[in-house]
$ cat model_32.txt   # compact mmCIF, C-alpha atoms
# COMPACT_ATOMS: atom_id res chain seq x y z
CA MET J 18 82.77 28.39 140.44
CA GLY J 19 79.83 27.79 138.19
CA LYS J 20 78.62 29.07 134.88
CA GLY J 21 76.44 32.14 134.64
CA GLN J 22 74.78 33.74 137.63
CA PRO J 23 74.98 31.68 140.82
CA ASN J 24 71.68 30.28 142.03
CA ILE J 25 72.91 30.20 145.60
CA THR J 26 73.00 33.24 147.82
CA ASN J 27 74.05 33.39 151.45
CA LYS J 28 73.79 35.43 154.61
CA ILE J 29 77.26 34.73 155.93
CA ARG J 30 78.11 38.39 156.31
CA VAL J 31 74.98 39.05 158.38
CA LEU J 32 75.55 35.95 160.47
CA ARG J 33 79.17 36.94 161.10
CA PHE J 34 77.98 40.34 162.26
CA GLN J 35 75.40 38.74 164.54
CA ALA J 36 78.05 36.38 165.90
CA GLY J 37 79.94 39.22 167.54
CA GLU J 38 81.58 40.53 164.39
CA MET J 39 83.31 37.24 163.73
CA THR J 40 86.16 37.79 161.30
CA GLN J 41 86.45 35.93 158.02
CA ALA J 42 89.71 34.46 159.28
CA ALA J 43 88.02 33.16 162.43
CA LEU J 44 85.21 31.59 160.39
CA ALA J 45 87.75 30.07 158.00
CA GLU J 46 89.60 28.57 160.96
CA LYS J 47 86.39 27.06 162.33
CA VAL J 48 85.33 25.66 158.97
CA GLY J 49 88.77 24.43 157.95
CA VAL J 50 89.20 26.38 154.73
CA THR J 51 91.29 29.40 153.76
CA ARG J 52 90.13 32.96 154.38
CA GLN J 53 90.11 33.51 150.61
CA THR J 54 87.56 30.73 150.24
CA ILE J 55 85.29 32.33 152.83
CA VAL J 56 85.65 35.65 150.98
CA ALA J 57 84.75 33.98 147.68
CA ILE J 58 81.74 32.20 149.20
CA GLU J 59 80.55 35.36 150.92
CA GLN J 60 80.75 37.33 147.67
CA GLY J 61 78.91 34.58 145.77
CA ARG J 62 81.91 33.83 143.57
CA TYR J 63 82.18 30.24 144.76
CA SER J 64 79.56 27.70 145.77
CA PRO J 65 80.99 25.45 148.47
CA SER J 66 80.63 21.71 148.71
CA LEU J 67 77.80 20.34 150.80
CA GLU J 68 80.21 19.45 153.60
CA VAL J 69 81.72 22.95 153.80
CA ALA J 70 78.21 24.43 153.66
CA PHE J 71 77.21 22.30 156.64
CA ARG J 72 80.42 23.26 158.44
CA ILE J 73 79.66 26.95 157.93
CA ALA J 74 76.12 26.50 159.20
CA ALA J 75 77.44 24.58 162.20
CA ALA J 76 79.92 27.39 162.93
CA PHE J 77 76.97 29.75 163.33
CA GLY J 78 74.79 27.16 165.04
CA ALA J 79 72.18 27.75 162.37
CA PRO J 80 70.33 25.44 160.00
CA LEU J 81 71.74 25.21 156.48
CA GLU J 82 68.79 27.00 154.86
CA GLU J 83 69.29 29.99 157.12
CA VAL J 84 72.82 30.42 155.81
CA PHE J 85 72.36 29.47 152.16
CA GLN J 86 69.39 30.16 149.93
CA TRP J 87 68.71 28.66 146.55
CA SER J 88 66.70 30.46 143.85
CA PRO J 89 65.14 27.91 141.49
CA ASP J 90 63.85 30.63 139.16
CA GLN J 91 67.41 31.28 137.94
CA ILE J 92 67.85 27.76 136.56
CA GLY J 93 68.99 27.82 132.97
CA ASP J 94 70.56 31.29 133.15
CA MET T 27 97.50 38.38 146.53
CA THR T 28 97.93 35.05 148.26
CA TYR T 29 101.02 32.88 148.17
CA LYS T 30 99.40 30.63 145.55
CA GLU T 31 98.54 33.61 143.34
CA TRP T 32 102.10 34.93 143.61
CA ASN T 33 103.38 31.48 142.65
CA ALA T 34 101.12 31.46 139.60
CA ALA T 35 102.27 34.96 138.64
CA ILE T 36 105.91 33.86 138.94
CA MET T 37 105.19 30.84 136.74
CA VAL T 38 103.64 33.06 134.08
CA THR T 39 106.61 35.43 134.24
CA SER T 40 109.25 32.70 134.05
CA GLY T 41 107.44 30.96 131.20
CA VAL T 42 107.18 34.14 129.16
CA LEU T 43 110.74 35.32 129.87
CA VAL T 44 112.46 31.99 129.17
CA SER T 45 110.33 31.39 126.08
CA ALA T 46 111.25 34.84 124.78
CA TRP T 47 114.92 34.13 125.45
CA VAL T 48 114.71 30.77 123.64
CA ALA T 49 112.93 32.39 120.68
CA PHE T 50 115.54 35.16 120.52
CA ASP T 51 118.35 32.61 120.70
CA ALA T 52 116.72 30.49 118.00
CA LEU T 53 116.40 33.43 115.64
CA PHE T 54 119.54 35.40 116.36
CA GLY T 55 121.82 32.98 118.26
CA VAL T 56 125.13 31.63 116.98
CA ASP T 57 123.64 28.31 115.89
CA GLY T 58 120.01 29.10 116.54
CA TRP T 59 117.45 26.91 114.87
CA ARG T 60 120.10 25.79 112.37
CA GLY T 61 121.89 23.73 115.03
CA SER T 62 121.70 19.97 115.36
CA VAL T 63 118.71 18.32 117.03
CA ALA T 64 120.90 17.12 119.90
CA HIS T 65 122.33 20.61 120.43
CA VAL T 66 118.94 22.29 120.38
CA ALA T 67 117.43 19.63 122.66
CA ALA T 68 120.25 20.18 125.14
CA ASP T 69 119.56 23.93 125.01
CA MET T 70 115.90 23.25 125.75
CA LEU T 71 116.86 21.14 128.76
CA TRP T 72 118.98 24.03 130.01
CA ALA T 73 116.04 26.36 129.43
CA ILE T 74 113.82 24.13 131.57
CA GLY T 75 116.50 24.25 134.24
CA TYR T 76 116.48 28.06 134.03
CA VAL T 77 112.70 28.06 134.47
CA VAL T 78 113.00 25.96 137.62
CA ALA T 79 115.84 28.11 138.97
CA PHE T 80 113.95 31.32 138.15
CA ASN T 81 110.84 30.03 139.93
CA ILE T 82 112.79 29.11 143.07
CA LEU T 83 114.70 32.40 143.21
CA ALA T 84 111.68 34.54 142.36
CA THR T 85 109.57 32.77 144.99
CA ILE T 86 112.19 33.49 147.65
CA VAL T 87 112.58 37.14 146.59
CA VAL T 88 108.82 37.76 146.28
CA THR T 89 108.16 36.10 149.63
CA ILE T 90 110.72 38.32 151.35
CA LEU T 91 109.66 41.55 149.59
CA VAL T 92 105.92 41.03 150.05
CA SER T 93 106.43 40.08 153.70
CA ILE T 94 108.40 43.30 154.25
CA VAL T 95 105.84 45.48 152.44
CA GLN T 96 102.80 43.88 154.09
CA ARG T 97 104.53 43.59 157.48
CA GLU T 98 103.13 40.09 157.64
CA GLU T 99 104.77 36.84 156.61
CA LEU T 100 103.62 35.65 153.19
CA LYS T 101 103.22 31.92 153.58
CA ASP T 102 101.41 29.13 151.85
CA GLU T 103 98.20 27.89 153.41
CA LYS T 104 96.92 24.36 153.38
CA SER T 105 94.97 23.80 150.19
CA ASP T 106 91.23 23.48 150.51
CA GLU T 107 88.47 22.38 148.13
CA ARG T 108 88.47 25.70 146.25
CA ASP T 109 92.22 25.45 145.63
CA HIS T 110 91.73 21.92 144.30
CA ALA T 111 88.86 23.08 142.06
CA VAL T 112 90.91 26.00 140.72
CA ALA T 113 93.92 23.72 140.10
CA ALA T 114 91.74 21.15 138.33
CA LYS T 115 90.19 23.71 135.98
CA ALA T 116 93.55 25.35 135.30
CA MET T 117 95.12 21.94 134.67
CA ARG T 118 92.35 21.16 132.18
CA ASN T 119 93.17 24.34 130.25
CA GLY T 120 96.90 23.63 130.30
CA TYR T 121 96.37 20.03 129.23
CA PHE T 122 94.17 21.20 126.35
CA VAL T 123 96.91 23.53 125.09
CA LEU T 124 99.58 20.84 125.45
CA SER T 125 97.42 18.35 123.54
CA ILE T 126 96.90 20.80 120.69
CA GLY T 127 100.63 21.50 120.70
CA CYS T 128 101.51 17.80 120.48
CA VAL T 129 99.14 17.32 117.57
CA ALA T 130 100.64 20.38 115.88
CA ILE T 131 104.13 18.89 116.28
CA LEU T 132 103.02 15.62 114.69
CA VAL T 133 101.46 17.58 111.84
CA LEU T 134 104.70 19.54 111.41
CA LEU T 135 106.71 16.33 111.22
CA ALA T 136 104.17 14.68 108.95
CA PHE T 137 104.56 17.52 106.50
CA GLY T 138 108.30 17.07 106.47
CA ALA T 139 109.39 19.85 108.82
CA ALA T 140 112.91 19.62 110.17
CA PRO T 141 113.08 17.65 113.43
CA VAL T 142 114.83 20.58 115.06
CA LEU T 143 111.66 22.62 114.60
CA ALA T 144 109.72 19.88 116.37
CA VAL T 145 112.06 20.24 119.33
CA TYR T 146 111.35 23.97 119.47
CA ALA T 147 107.64 23.32 119.06
CA LEU T 148 107.69 20.76 121.87
CA PHE T 149 109.38 23.25 124.16
CA GLY T 150 107.03 26.03 123.07
CA ALA T 151 103.93 23.91 123.62
CA SER T 152 105.13 22.89 127.08
CA MET T 153 105.89 26.48 128.06
CA LEU T 154 102.59 27.73 126.66
CA ALA T 155 100.71 25.02 128.52
CA GLY T 156 102.48 26.01 131.73
CA VAL T 157 101.70 29.68 131.19
CA VAL T 158 98.05 28.90 130.42
CA PHE T 159 97.85 26.73 133.55
CA ALA T 160 99.27 29.47 135.78
CA ALA T 161 97.31 32.28 134.12
CA SER T 162 94.12 30.23 134.46
CA GLN T 163 94.80 29.85 138.16
CA LEU T 164 95.14 33.62 138.50
CA VAL T 165 91.88 34.18 136.61
CA TYR T 166 89.91 31.55 138.53
CA TYR T 167 91.14 32.85 141.86
CA ARG T 168 89.86 36.28 140.85
CA ILE T 169 86.52 35.43 139.26
CA GLY T 170 85.62 32.47 141.43
$ encode --input "model_32.txt" --output "structure tokens"
Amino acid sequence: MGKGQPNITNKIRVLRFQAGEMTQAALAEKVGVTRQTIVAIEQGRYSPSLEVAFRIAAAFGAPLEEVFQWSPDQIGD
Amino acid sequence: MTYKEWNAAIMVTSGVLVSAWVAFDALFGVDGWRGSVAHVAADMLWAIGYVVAFNILATIVVTILVSIVQREELKDEKSDERDHAVAAKAMRNGYFVLSIGCVAILVLLAFGAAPVLAVYALFGASMLAGVVFAASQLVYYRIG
């Protein structure tokens, strides 16, 4: 929910696949958000709060930077 | 569409329909905009009641119909941070419209417009703000 192109990308879809094809609903349940929010995050339409980002990373047992990537070169777009 | 999106769509629909009915009644009704301020204000209160009733009935009907079509119960989920963010941005848009409307009403009165027109304008601004709020929710849920 930001302006312009999001600077944050993520690998949630890949991680879900690697986690035994975890469904978006299952991930949403683990994180404590709605499935629609997981869909929006996965598609890059919404950048989650730091807490939700950590919760998602914890759900995969992965460090935050493995789930979310930030591209500084897009600043100011 | 989620339950919250359906709710927003119902709000847009009720706002547009009741506003159209009020406008039609004002222009072509028995008393219309030529009625007394008290009479028109009472009509506006009834119109607000119709909006509330429409929203309740439409929510029940839509919930039943969508549940039948999707073969899965359409129910509201606990709001999360994205819902709060969407609501906040939509509220900002609605508040902006309402503020402009209130200023416009004061300008109308300052220029000597009939108070009955101010009543219509107050109702119109409130309805428009509600429609903008709900439509903004729909847009923000779609685009992020």
$ closest_atom_pairs --input "model_32.txt" --of "chain J" --to "chain T" --cutoff "9 Å" --atoms "all atoms listed in the file" --output "tab-separated table"
residue	atom	partner	partner_atom	distance
J:Met18	CA	T:Gly170	CA	5.1
J:Gly19	CA	T:Gly170	CA	8.1
J:Gly49	CA	T:Asp106	CA	7.9
J:Val50	CA	T:Asp106	CA	5.5
J:Thr51	CA	T:Asp106	CA	6.8
J:Gln53	CA	T:Thr28	CA	8.3
J:Thr54	CA	T:Arg108	CA	6.5
J:Ala57	CA	T:Gly170	CA	6.5
J:Ile58	CA	T:Gly170	CA	8.7
J:Gly61	CA	T:Gly170	CA	8.3
J:Arg62	CA	T:Gly170	CA	4.5
J:Tyr63	CA	T:Gly170	CA	5.3
J:Ser64	CA	T:Gly170	CA	8.8
J:Pro65	CA	T:Arg108	CA	7.8
J:Ser66	CA	T:Glu107	CA	7.9
J:Val69	CA	T:Glu107	CA	8.8
$ atom_distance --input "model_32.txt" --atom1 "atom CA of Ala76 of chain J" --atom2 "atom CA of Leu44 of chain J"
7.2 Å
$ atom_distance --input "model_32.txt" --atom1 "atom CA of Gly156 of chain T" --atom2 "atom CA of Ile126 of chain T"
13.4 Å
$ residues_around --input "model_32.txt" --residues "Phe71 of chain J" --least-positions-apart "5" --cutoff "12 Å" --atoms "only C-alpha atoms" --output "list in words"
Lys47, Val48, Gly49, Pro65, Ser66, Ala76, Phe77, Gly78, Ala79, Pro80, Leu81, Glu82, Glu83, Val84 and Phe85 of chain J
$ atom_distance --input "model_32.txt" --atom1 "atom CA of Leu124 of chain T" --atom2 "atom CA of Ser45 of chain T"
15.1 Å
$ closest_residue --input "model_32.txt" --among "T:Ile82, T:Val44, T:Ala161, T:Ile131" --to "Tyr146 of chain T" --atoms "only C-alpha atoms"
T:Ile131
$ residues_around --input "model_32.txt" --residues "Ile36 of chain T" --least-positions-apart "5" --cutoff "8 Å" --atoms "all atoms listed in the file" --output "PyMOL selection string"
chain T and resi 81+84-85
$ closest_residue --input "model_32.txt" --among "T:Ala140, T:Val92, T:Leu134, T:Ala113" --to "Leu164 of chain T" --atoms "only C-alpha atoms"
T:Ala113
$ residues_around --input "model_32.txt" --residues "segment 56-62 of chain T" --least-positions-apart "3" --cutoff "12 Å" --atoms "all atoms listed in the file" --output "list in words"
Trp47, Val48, Ala49, Phe50, Asp51, Ala52, Leu53, His65, Val66, Ala67, Ala68, Asp69, Met70, Ala140, Pro141, Val142, Leu143, Ala144, Val145, Tyr146 and Ala147 of chain T
$ write_last_selection --input "model_32.txt" --atoms "C-alpha atoms" --output "JSON list (two decimals), keeping the file's coordinate frame"
[["chain", "number", "residue", "atom", "x", "y", "z"],
["T", 47, "TRP", "CA", 114.92, 34.13, 125.45],
["T", 48, "VAL", "CA", 114.71, 30.77, 123.64],
["T", 49, "ALA", "CA", 112.93, 32.39, 120.68],
["T", 50, "PHE", "CA", 115.54, 35.16, 120.52],
["T", 51, "ASP", "CA", 118.35, 32.61, 120.70],
["T", 52, "ALA", "CA", 116.72, 30.49, 118.00],
["T", 53, "LEU", "CA", 116.40, 33.43, 115.64],
["T", 65, "HIS", "CA", 122.33, 20.61, 120.43],
["T", 66, "VAL", "CA", 118.94, 22.29, 120.38],
["T", 67, "ALA", "CA", 117.43, 19.63, 122.66],
["T", 68, "ALA", "CA", 120.25, 20.18, 125.14],
["T", 69, "ASP", "CA", 119.56, 23.93, 125.01],
["T", 70, "MET", "CA", 115.90, 23.25, 125.75],
["T", 140, "ALA", "CA", 112.91, 19.62, 110.17],
["T", 141, "PRO", "CA", 113.08, 17.65, 113.43],
["T", 142, "VAL", "CA", 114.83, 20.58, 115.06],
["T", 143, "LEU", "CA", 111.66, 22.62, 114.60],
["T", 144, "ALA", "CA", 109.72, 19.88, 116.37],
["T", 145, "VAL", "CA", 112.06, 20.24, 119.33],
["T", 146, "TYR", "CA", 111.35, 23.97, 119.47],
["T", 147, "ALA", "CA", 107.64, 23.32, 119.06]]
$ residues_around --input "model_32.txt" --residues "segment 118-121 of chain T" --least-positions-apart "3" --cutoff "8 Å" --atoms "only C-alpha atoms" --output "PDB file with C-alpha atoms, in the coordinates of the input"
ATOM      1  CA  ALA T 114      91.740  21.150 138.330  1.00  0.00           C
ATOM      2  CA  LYS T 115      90.190  23.710 135.980  1.00  0.00           C
ATOM      3  CA  LEU T 124      99.580  20.840 125.450  1.00  0.00           C
ATOM      4  CA  SER T 125      97.420  18.350 123.540  1.00  0.00           C
ATOM      5  CA  LEU T 154     102.590  27.730 126.660  1.00  0.00           C
ATOM      6  CA  ALA T 155     100.710  25.020 128.520  1.00  0.00           C
ATOM      7  CA  GLY T 156     102.480  26.010 131.730  1.00  0.00           C
ATOM      8  CA  VAL T 157     101.700  29.680 131.190  1.00  0.00           C
ATOM      9  CA  VAL T 158      98.050  28.900 130.420  1.00  0.00           C
ATOM     10  CA  PHE T 159      97.850  26.730 133.550  1.00  0.00           C
ATOM     11  CA  SER T 162      94.120  30.230 134.460  1.00  0.00           C
TER      12      SER T 162
END
$ residues_around --input "model_32.txt" --residues "Thr40 of chain J" --least-positions-apart "3" --cutoff "12 Å" --atoms "all atoms listed in the file" --output "PyMOL selection string"
chain J and resi 29-37+43-47+52+55-56
